[in-house]
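Structure file coords.csv; described as CSV, C-alpha atoms and all ligand atoms.
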```
chain,number,residue,atom,x,y,z
D,23,MET,CA,101.4,91.8,81.1
D,24,PHE,CA,101.0,90.8,84.8
D,25,ASP,CA,103.4,91.8,87.4
D,26,VAL,CA,102.5,88.7,89.4
D,27,VAL,CA,100.3,85.7,89.2
D,28,THR,CA,99.4,84.0,92.5
D,29,PHE,CA,98.6,80.3,93.0
D,30,GLY,CA,97.1,78.7,96.2
D,31,SER,CA,93.8,78.3,97.9
D,32,ALA,CA,90.7,80.5,97.9
D,33,THR,CA,88.6,79.8,101.0
D,34,ARG,CA,85.7,81.0,103.0
D,35,ASP,CA,86.8,81.5,106.6
D,36,ILE,CA,84.3,81.4,109.5
D,37,PHE,CA,85.7,82.7,112.8
D,38,VAL,CA,83.8,81.3,115.8
D,39,ARG,CA,84.9,82.9,119.0
D,40,SER,CA,83.6,81.8,122.4
D,41,LYS,CA,84.7,82.3,126.0
D,42,ASP,CA,83.3,78.8,126.6
D,43,PHE,CA,86.0,77.1,124.5
D,44,LYS,CA,88.4,75.6,127.1
D,45,ILE,CA,92.0,74.7,126.6
D,46,ILE,CA,92.8,71.4,128.4
D,47,GLU,CA,96.3,69.9,128.7
D,48,SER,CA,96.3,66.3,127.5
D,49,LEU,CA,98.8,64.0,125.9
D,50,ASP,CA,95.9,62.7,123.7
D,51,PHE,CA,96.7,65.7,121.5
D,52,VAL,CA,99.9,66.1,119.4
D,53,THR,CA,100.3,69.6,120.7
D,54,GLY,CA,99.8,68.5,124.3
D,55,LYS,CA,96.7,70.5,124.6
D,56,GLY,CA,93.2,70.4,123.2
D,57,LEU,CA,90.4,72.9,122.6
D,58,ALA,CA,87.4,71.6,124.3
D,59,ILE,CA,83.6,72.3,124.8
D,60,ASN,CA,81.0,70.7,127.0
D,61,ALA,CA,79.6,67.6,125.3
D,62,GLY,CA,75.8,67.2,125.3
D,63,SER,CA,75.1,70.9,125.9
D,64,LYS,CA,74.7,74.1,124.1
D,65,VAL,CA,77.8,76.3,123.7
D,66,TYR,CA,77.1,80.0,123.1
D,67,VAL,CA,79.2,81.8,120.6
D,68,ASP,CA,80.3,85.4,121.3
D,69,GLU,CA,81.3,86.3,117.8
D,70,LEU,CA,80.7,84.8,114.4
D,71,ILE,CA,82.5,86.4,111.6
D,72,PHE,CA,82.6,85.4,107.9
D,73,ALA,CA,85.6,86.5,105.9
D,74,SER,CA,87.7,85.2,103.0
D,75,GLY,CA,91.0,83.6,103.1
D,76,GLY,CA,93.4,81.2,101.4
D,77,GLY,CA,97.0,81.8,100.5
D,78,GLY,CA,96.3,82.4,96.8
D,79,THR,CA,93.8,85.1,97.2
D,80,ASN,CA,95.2,86.7,100.4
D,81,THR,CA,98.5,87.3,98.6
D,82,ALA,CA,96.7,88.6,95.5
D,83,ALA,CA,94.9,91.1,97.7
D,84,THR,CA,98.2,92.5,99.0
D,85,PHE,CA,99.7,92.7,95.5
D,86,THR,CA,96.7,94.7,94.1
D,87,SER,CA,96.7,96.9,97.2
D,88,GLN,CA,100.4,97.7,96.5
D,89,GLY,CA,99.4,98.9,93.0
D,90,LEU,CA,100.6,95.8,91.1
D,91,LYS,CA,98.8,94.1,88.3
D,92,VAL,CA,97.9,90.7,89.6
D,93,ALA,CA,96.0,87.6,88.5
D,94,TYR,CA,94.9,84.7,90.7
D,95,VAL,CA,94.9,81.2,89.3
D,96,GLY,CA,92.8,78.6,91.2
D,97,LEU,CA,89.8,76.4,91.4
D,98,VAL,CA,86.6,77.0,93.4
D,99,GLY,CA,83.4,75.0,93.7
D,100,ASN,CA,80.4,75.6,91.5
D,101,ASP,CA,78.5,77.2,94.4
D,102,SER,CA,77.6,80.5,96.0
D,103,SER,CA,80.9,80.7,97.9
D,104,GLY,CA,82.9,80.3,94.7
D,105,LYS,CA,80.9,83.2,93.2
D,106,GLU,CA,81.7,85.3,96.3
D,107,VAL,CA,85.4,84.5,95.9
D,108,VAL,CA,85.3,85.8,92.3
D,109,ALA,CA,83.2,88.9,93.3
D,110,GLU,CA,85.6,89.9,96.0
D,111,LEU,CA,88.6,89.6,93.8
D,112,LYS,CA,86.9,91.6,91.2
D,113,LYS,CA,86.1,94.3,93.7
D,114,LEU,CA,89.7,94.3,94.8
D,115,GLY,CA,91.0,94.7,91.3
D,116,VAL,CA,92.5,91.3,91.0
D,117,ILE,CA,92.3,89.7,87.5
D,118,TYR,CA,89.9,86.8,88.1
D,119,ASP,CA,89.6,85.4,84.5
D,120,PHE,CA,91.8,82.4,85.2
D,121,ILE,CA,89.6,81.1,88.1
D,122,LYS,CA,87.8,77.9,87.2
D,123,ASP,CA,85.0,76.2,89.0
D,124,THR,CA,84.3,72.5,89.4
D,125,ASP,CA,81.4,70.3,90.3
D,126,GLY,CA,83.9,67.9,91.9
D,127,ALA,CA,83.9,69.6,95.3
D,128,ASP,CA,82.7,72.7,97.1
D,129,THR,CA,84.7,75.9,97.6
D,130,PRO,CA,87.0,75.4,100.6
D,131,VAL,CA,85.9,76.4,104.1
D,132,SER,CA,88.1,77.0,107.2
D,133,ILE,CA,86.3,77.2,110.5
D,134,ILE,CA,88.5,79.0,113.0
D,135,LEU,CA,87.6,78.0,116.6
D,136,SER,CA,89.0,80.7,118.8
D,137,ALA,CA,89.3,80.9,122.5
D,138,PRO,CA,90.0,84.6,122.7
D,139,LYS,CA,93.5,85.5,123.9
D,140,ARG,CA,94.4,81.9,124.4
D,141,GLU,CA,94.4,79.5,121.5
D,142,ARG,CA,92.7,78.6,118.3
D,143,SER,CA,92.2,75.5,116.2
D,144,ILE,CA,91.2,75.4,112.6
D,145,LEU,CA,88.9,72.9,110.9
D,146,VAL,CA,89.9,72.7,107.3
D,147,TYR,CA,87.8,71.6,104.4
D,148,GLU,CA,90.1,71.7,101.4
D,149,GLY,CA,87.4,71.2,98.8
D,150,ALA,CA,88.0,72.5,95.3
D,151,SER,CA,91.4,74.0,95.9
D,152,HIS,CA,92.6,70.4,96.3
D,153,LEU,CA,91.6,69.5,92.8
D,154,LEU,CA,93.5,72.0,90.5
D,155,THR,CA,95.1,70.1,87.6
D,156,LYS,CA,97.5,71.4,85.0
D,157,GLU,CA,94.6,71.3,82.4
D,158,ASP,CA,92.9,74.0,84.5
D,159,ILE,CA,95.7,76.5,84.0
D,160,LEU,CA,95.7,78.8,81.0
D,161,TRP,CA,99.5,78.6,80.6
D,162,GLU,CA,99.6,80.7,77.4
D,163,LYS,CA,97.8,83.6,79.1
D,164,ILE,CA,100.1,83.8,82.1
D,165,LYS,CA,103.5,83.1,80.5
D,166,SER,CA,104.3,86.8,80.2
D,167,ALA,CA,104.0,87.4,84.0
D,168,LYS,CA,107.1,88.8,85.7
D,169,TRP,CA,106.6,86.9,88.9
D,170,PHE,CA,104.7,83.8,90.2
D,171,TYR,CA,103.9,83.6,93.9
D,172,ILE,CA,103.0,80.1,94.9
D,173,SER,CA,101.4,79.3,98.3
D,174,GLY,CA,100.7,75.7,99.4
D,175,LEU,CA,99.0,73.4,96.9
D,176,SER,CA,97.5,70.3,98.5
D,177,GLY,CA,96.0,67.0,97.4
D,178,GLU,CA,95.7,66.6,93.6
D,179,SER,CA,96.9,70.2,93.2
D,180,SER,CA,100.2,69.3,94.7
D,181,LYS,CA,101.0,67.6,91.4
D,182,VAL,CA,100.8,71.1,89.7
D,183,PHE,CA,103.4,72.5,92.1
D,184,PRO,CA,106.5,71.2,90.1
D,185,GLU,CA,104.7,72.0,86.8
D,186,ILE,CA,104.3,75.6,87.7
D,187,ILE,CA,108.0,75.9,88.8
D,188,ASN,CA,109.3,74.1,85.8
D,189,PHE,CA,107.1,76.3,83.5
D,190,ALA,CA,108.5,79.4,85.1
D,191,LYS,CA,112.1,78.1,85.0
D,192,PRO,CA,112.4,75.5,82.2
D,193,GLN,CA,115.1,72.9,82.3
D,194,ARG,CA,118.1,74.3,80.5
D,195,LYS,CA,118.2,71.5,78.0
D,196,THR,CA,115.8,68.8,77.0
D,197,SER,CA,116.7,66.5,74.1
D,198,GLY,CA,119.1,69.0,72.6
D,199,PHE,CA,117.0,72.1,72.3
D,200,LEU,CA,115.8,74.8,74.7
D,201,ARG,CA,112.2,74.2,75.7
D,202,GLY,CA,110.1,77.2,76.3
D,203,LYS,CA,113.2,79.4,76.5
D,204,GLU,CA,111.0,82.5,76.5
D,205,ASN,CA,109.8,81.8,80.0
D,206,ASN,CA,112.0,83.2,82.7
D,207,ILE,CA,109.5,84.1,85.4
D,208,LYS,CA,110.7,84.9,88.8
D,209,LEU,CA,109.4,82.7,91.6
D,210,ALA,CA,108.4,83.4,95.2
D,211,VAL,CA,107.3,80.2,97.0
D,212,ASN,CA,105.7,79.7,100.4
D,213,PRO,CA,105.4,75.9,100.5
D,214,GLY,CA,102.4,74.2,102.1
D,215,HIS,CA,101.8,71.1,104.1
D,216,ASP,CA,102.0,68.6,101.2
D,217,GLN,CA,105.2,70.1,99.8
D,218,LEU,CA,106.8,69.8,103.2
D,219,THR,CA,105.7,66.2,103.9
D,220,LYS,CA,104.9,63.8,101.2
D,221,ASP,CA,106.7,65.9,98.5
D,222,LEU,CA,109.6,67.1,100.5
D,223,ASN,CA,112.3,65.6,98.3
D,224,LEU,CA,110.7,67.0,95.3
D,225,LEU,CA,110.6,70.4,96.9
D,226,LYS,CA,114.3,70.2,97.8
D,227,SER,CA,115.1,69.3,94.2
D,228,LEU,CA,113.3,72.5,93.0
D,229,LEU,CA,114.7,75.0,95.5
D,230,ASN,CA,117.5,76.1,93.2
D,231,LYS,CA,114.9,77.6,90.9
D,232,ILE,CA,113.3,79.7,93.5
D,233,ASP,CA,114.1,83.4,93.8
D,234,ILE,CA,112.4,84.0,97.1
D,235,LEU,CA,111.7,81.1,99.5
D,236,ILE,CA,109.3,82.1,102.4
D,237,VAL,CA,109.1,79.7,105.3
D,238,ASN,CA,108.6,79.9,109.1
D,239,GLN,CA,111.1,78.4,111.5
D,240,GLU,CA,109.4,75.1,111.8
D,241,GLU,CA,109.2,74.7,108.0
D,242,ALA,CA,112.9,75.7,107.6
D,243,SER,CA,113.7,73.0,110.1
D,244,ILE,CA,111.6,70.4,108.2
D,245,ILE,CA,113.4,71.2,104.9
D,246,THR,CA,116.9,71.1,106.4
D,247,GLY,CA,116.6,68.6,109.2
D,248,ILE,CA,118.3,71.2,111.5
D,249,ASP,CA,116.9,72.3,114.8
D,250,TYR,CA,114.7,75.4,114.3
D,251,GLN,CA,116.6,77.4,116.9
D,252,ASN,CA,120.0,76.9,115.2
D,253,GLU,CA,119.5,79.9,112.9
D,254,GLU,CA,123.1,80.0,111.6
D,255,GLU,CA,123.2,76.4,110.5
D,256,LEU,CA,119.6,76.7,109.0
D,257,PHE,CA,120.7,79.5,106.8
D,258,LYS,CA,123.9,77.9,105.8
D,259,LYS,CA,122.0,74.9,104.5
D,260,LEU,CA,119.1,76.9,103.0
D,261,ASP,CA,121.6,79.2,101.2
D,262,GLU,CA,123.2,76.2,99.7
D,263,LEU,CA,119.8,74.9,98.4
D,264,VAL,CA,118.3,78.3,97.3
D,265,ASP,CA,120.1,80.6,94.9
D,266,GLY,CA,118.0,83.6,95.8
D,267,ILE,CA,116.6,85.1,99.0
D,268,VAL,CA,115.5,83.0,102.0
D,269,VAL,CA,112.9,84.5,104.3
D,270,MET,CA,112.4,82.7,107.7
D,271,SER,CA,109.6,84.1,109.8
D,272,LYS,CA,109.4,83.6,113.5
D,273,GLY,CA,105.9,84.7,114.5
D,274,PRO,CA,106.0,87.4,117.2
D,275,ASP,CA,109.8,87.1,117.2
D,276,GLY,CA,109.9,88.7,113.8
D,277,VAL,CA,111.9,87.5,110.9
D,278,ALA,CA,115.4,86.7,109.6
D,279,VAL,CA,116.3,86.9,105.9
D,280,SER,CA,119.4,85.8,104.0
D,281,ASP,CA,120.6,86.7,100.5
D,282,GLY,CA,123.6,84.4,100.9
D,283,LYS,CA,125.9,87.3,101.8
D,284,VAL,CA,124.1,89.1,104.7
D,285,ILE,CA,121.6,88.0,107.3
D,286,TYR,CA,119.0,90.7,108.0
D,287,ARG,CA,117.0,90.5,111.2
D,288,ALA,CA,114.0,92.4,112.6
D,289,GLY,CA,111.5,92.1,115.3
D,290,ILE,CA,107.8,93.3,115.3
D,291,PRO,CA,106.3,96.5,116.6
D,292,ASN,CA,104.8,96.5,120.1
D,293,SER,CA,101.4,96.2,118.6
D,294,GLY,CA,99.6,93.2,120.2
D,295,TYR,CA,97.1,91.3,118.0
D,296,VAL,CA,93.5,90.3,117.7
D,297,ASP,CA,93.8,87.3,115.4
D,298,ARG,CA,96.9,86.1,113.7
D,299,THR,CA,95.3,84.3,110.7
D,300,GLY,CA,96.9,85.6,107.5
D,301,SER,CA,100.1,86.9,109.1
D,302,GLY,CA,102.3,84.6,107.0
D,303,ASP,CA,100.5,85.6,103.7
D,304,ALA,CA,100.6,89.3,104.6
D,305,PHE,CA,104.3,89.2,105.4
D,306,GLY,CA,105.3,87.2,102.4
D,307,SER,CA,103.3,89.2,99.9
D,308,GLY,CA,104.3,92.5,101.4
D,309,PHE,CA,108.0,91.5,101.3
D,310,VAL,CA,107.8,90.3,97.7
D,311,SER,CA,105.8,93.5,96.6
D,312,ALA,CA,108.8,95.6,97.7
D,313,ILE,CA,111.4,93.3,96.0
D,314,MET,CA,109.4,93.2,92.8
D,315,GLN,CA,109.5,97.0,92.7
D,316,GLY,CA,113.3,97.0,93.1
D,317,LYS,CA,113.4,98.0,96.8
D,318,SER,CA,116.0,96.8,99.2
D,319,ILE,CA,115.7,93.8,101.5
D,320,GLU,CA,115.5,96.2,104.5
D,321,LEU,CA,112.6,98.0,103.1
D,322,ALA,CA,110.9,94.7,102.0
D,323,ILE,CA,111.2,93.5,105.7
D,324,GLN,CA,109.7,96.7,106.9
D,325,LEU,CA,106.8,96.5,104.4
D,326,GLY,CA,106.1,92.8,105.1
D,327,THR,CA,106.1,93.5,108.8
D,328,ALA,CA,103.9,96.5,108.6
D,329,ASN,CA,101.4,94.6,106.5
D,330,ALA,CA,101.4,91.6,108.8
D,331,THR,CA,101.1,93.8,111.9
D,332,SER,CA,98.1,95.6,110.3
D,333,VAL,CA,96.4,92.4,109.3
D,334,VAL,CA,96.7,90.8,112.8
D,335,GLN,CA,94.8,93.7,114.3
D,336,LYS,CA,91.7,92.6,112.6
D,337,ILE,CA,89.7,89.4,112.2
D,338,GLY,CA,89.9,88.1,108.6
D,339,ALA,CA,93.1,87.5,106.6
D,340,LYS,CA,92.4,90.3,104.1
D,341,ASN,CA,91.2,92.9,106.6
D,342,GLY,CA,93.9,95.5,107.4
D,343,ILE,CA,96.0,94.9,104.3
D,344,LEU,CA,98.0,98.1,103.6
D,345,LYS,CA,97.5,100.2,100.5
D,346,LYS,CA,100.5,101.5,98.5
D,347,GLY,CA,102.2,104.3,100.4
D,348,GLU,CA,100.6,103.4,103.7
D,349,TRP,CA,102.6,102.1,106.6
D,350,GLY,CA,99.9,101.6,109.3
D,351,GLU,CA,99.9,102.9,112.8
D,352,TRP,CA,103.3,101.6,114.0
D,353,GLU,CA,106.9,102.7,113.5
D,354,ARG,CA,108.8,100.8,110.8
D,355,VAL,CA,110.9,98.1,112.4
D,356,GLY,CA,114.7,98.4,112.7
D,357,VAL,CA,116.6,96.0,110.6
D,358,THR,CA,120.1,94.7,111.6
D,359,LYS,CA,122.6,93.3,109.1
D,360,THR,CA,125.2,90.7,109.8
D,361,PRO,CA,127.6,89.7,107.0
D,362,ILE,CA,127.9,85.9,106.6
D,401,LIG,N1,101.4,89.1,116.6
D,401,LIG,C1,102.0,89.7,115.6
D,401,LIG,N2,102.1,91.0,115.5
D,401,LIG,C2,102.8,91.6,114.5
D,401,LIG,N3,103.4,90.9,113.5
D,401,LIG,C3,103.3,89.6,113.5
D,401,LIG,C4,102.6,88.9,114.5
D,401,LIG,N4,102.7,87.6,114.3
D,401,LIG,C5,103.5,87.5,113.2
D,401,LIG,N5,103.8,88.7,112.7
D,401,LIG,C6,104.6,89.0,111.5
D,401,LIG,O1,104.2,88.2,110.5
D,401,LIG,C7,105.3,87.4,110.0
D,401,LIG,C8,104.9,86.0,109.7
D,401,LIG,O2,104.3,85.4,110.7
D,401,LIG,P1,104.5,83.9,111.1
D,401,LIG,O3,105.9,83.6,111.4
D,401,LIG,O4,103.5,83.6,112.2
D,401,LIG,O5,104.1,83.1,109.8
D,401,LIG,P2,103.5,81.7,109.6
D,401,LIG,O6,103.9,80.8,110.6
D,401,LIG,O7,103.8,81.3,108.2
D,401,LIG,O8,101.9,82.1,109.7
D,401,LIG,P3,100.7,81.4,109.0
D,401,LIG,O9,100.0,80.6,110.0
D,401,LIG,O10,99.9,82.7,108.6
D,401,LIG,O11,101.1,80.7,107.8
D,401,LIG,C9,106.3,87.4,111.2
D,401,LIG,O12,107.6,87.3,110.8
D,401,LIG,C10,106.1,88.8,111.8
D,401,LIG,O13,106.8,89.8,111.1
D,402,MG,MG,102.8,80.1,106.8
```

Show how you would write the structure in this file as structure tokens.
Amino acid sequence: MFDVVTFGSATRDIFVRSKDFKIIESLDFVTGKGLAINAGSKVYVDELIFASGGGGTNTAATFTSQGLKVAYVGLVGNDSSGKEVVAELKKLGVIYDFIKDTDGADTPVSIILSAPKRERSILVYEGASHLLTKEDILWEKIKSAKWFYISGLSGESSKVFPEIINFAKPQRKTSGFLRGKENNIKLAVNPGHDQLTKDLNLLKSLLNKIDILIVNQEEASIITGIDYQNEEELFKKLDELVDGIVVMSKGPDGVAVSDGKVIYRAGIPNSGYVDRTGSGDAFGSGFVSAIMQGKSIELAIQLGTANATSVVQKIGAKNGILKKGEWGEWERVGVTKTPI
């Protein structure tokens, strides 16, 4: 029996760091600034680092490091990168038997263009992760899992998102009998771009089945339509929509968590960072690892924060993940509690 099954992407990440990447302010870009290089010339790269990433496998890496029995479900390309994904998970102790490969697309690649200490942009090739269908999932094999952790599912795979949720928490009644009543799998969900844009209404209709919703401030604002700075109203609305715990991360400003009765808040240690890729996955999976093991929300916040802090000190979303019992170099963060 699995403690947790993770869903989401498995990617090859290529970090390209160069002092010659320039940040220019321009209204031609939605963010008001662009990452630019000289056209028509060579641009020298200071560092080129190959790593693995993707929400599905990053979170699986934390769960196995925390001593939990975890399987990853996803699709990779029928290529050497796909084989590397499988080999790495095998080495980490993640159950990889439910990974399928496809000839339909290559294994996803993210190219992270980083102007050190300034800004980064990510070129995303979604590839095979995009193409997961419900036929690719060995439902019978995963139905005894205690938890599912779902990260963003995009493209064709976004159609599987409601299927996974409804499999974990079947409708109470369909045509007069209980369907799949044996399944009562707990759900932790960190929705991705497609869930928050084209499928937003669908996501909202499923929130009452989610035990732990993990979003950042901007994502919380998209779901509720409330300004991201208005934390009180955001939680009021999210607590109405979600029966369980709502986690709202705020990057370097830390995190706020509500269980509907109390709002817990914490900052981050005074650690600095090298590359923030993977912080969201490290926090979410660290937090859920603690809750799965019956720990308090305070301790879950401390473990999520310690895991994220350790990951942002290194390049690569799986580098720095804490092992069970480890807390990393920094003090545990203080957590305040405000009754609602
Ligand atoms: N520079 C940092 N140093 C230490 N911890 C950090 C840092 N940035 C983020 N964290 C921790 O990681 C958590 C999640 O980060 P963040 O809010 O950036 O998630 P996100 O926006 O979902 O990120 P991602 O782009 O990875 O999806 C934060 O709440 C914080 O606890
Ligand atoms: Mg995120």

Next item on the list: Select the residues contacting ligand MG 402 (chain D) at a distance of at most 7 Å, based on all atoms listed in the file, then format the selection as a VMD selection string.
Entry: chain D and resid 237 to 238 302 to 303

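CA of Leu222 (chain D) to CA of Val268 (chain D) spans 17.0 Å [interatomic distance, one decimal].
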
Next item on the list: Please identify every polymer residue within 6 Å of ligand LIG 401 (chain D), using only C-alpha atoms and all ligand atoms, and present the set as JSON, numbers by chain.
Entry: {"D": [238, 271, 272, 273, 274, 276, 277, 290, 294, 295, 299, 300, 301, 302, 303, 305, 327, 330, 331]}

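In this comparison, which uses all atoms listed in the file, the residue of D:Arg140, D:Lys258, D:Lys359, D:Lys113 approaching Ile323 (chain D) most closely is D:Lys359.
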
I'd like the neighbourhood of Glu262 (chain D) as a short mmCIF file (atom, residue, chain, number, x, y, z; two decimals) with C-alpha atoms, keeping the file's coordinate frame, where a residue qualifies if any of its atoms comes within 9 Å (using all atoms listed in the file), though same-chain residues fewer than 3 positions away should be ignored.
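New file result-v7.cif:
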```cif
data_model
loop_
_atom_site.label_atom_id
_atom_site.label_comp_id
_atom_site.auth_asym_id
_atom_site.auth_seq_id
_atom_site.Cartn_x
_atom_site.Cartn_y
_atom_site.Cartn_z
CA ASN D 230 117.50 76.10 93.20
CA PHE D 257 120.70 79.50 106.80
CA LYS D 258 123.90 77.90 105.80
CA LYS D 259 122.00 74.90 104.50
CA ASP D 265 120.10 80.60 94.90
CA GLY D 282 123.60 84.40 100.90
#
```

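Proximity ranking of D:Val355, D:Leu229, D:Leu263, D:Ile71 relative to Ile134 (chain D) places D:Ile71 first, based on only C-alpha atoms.
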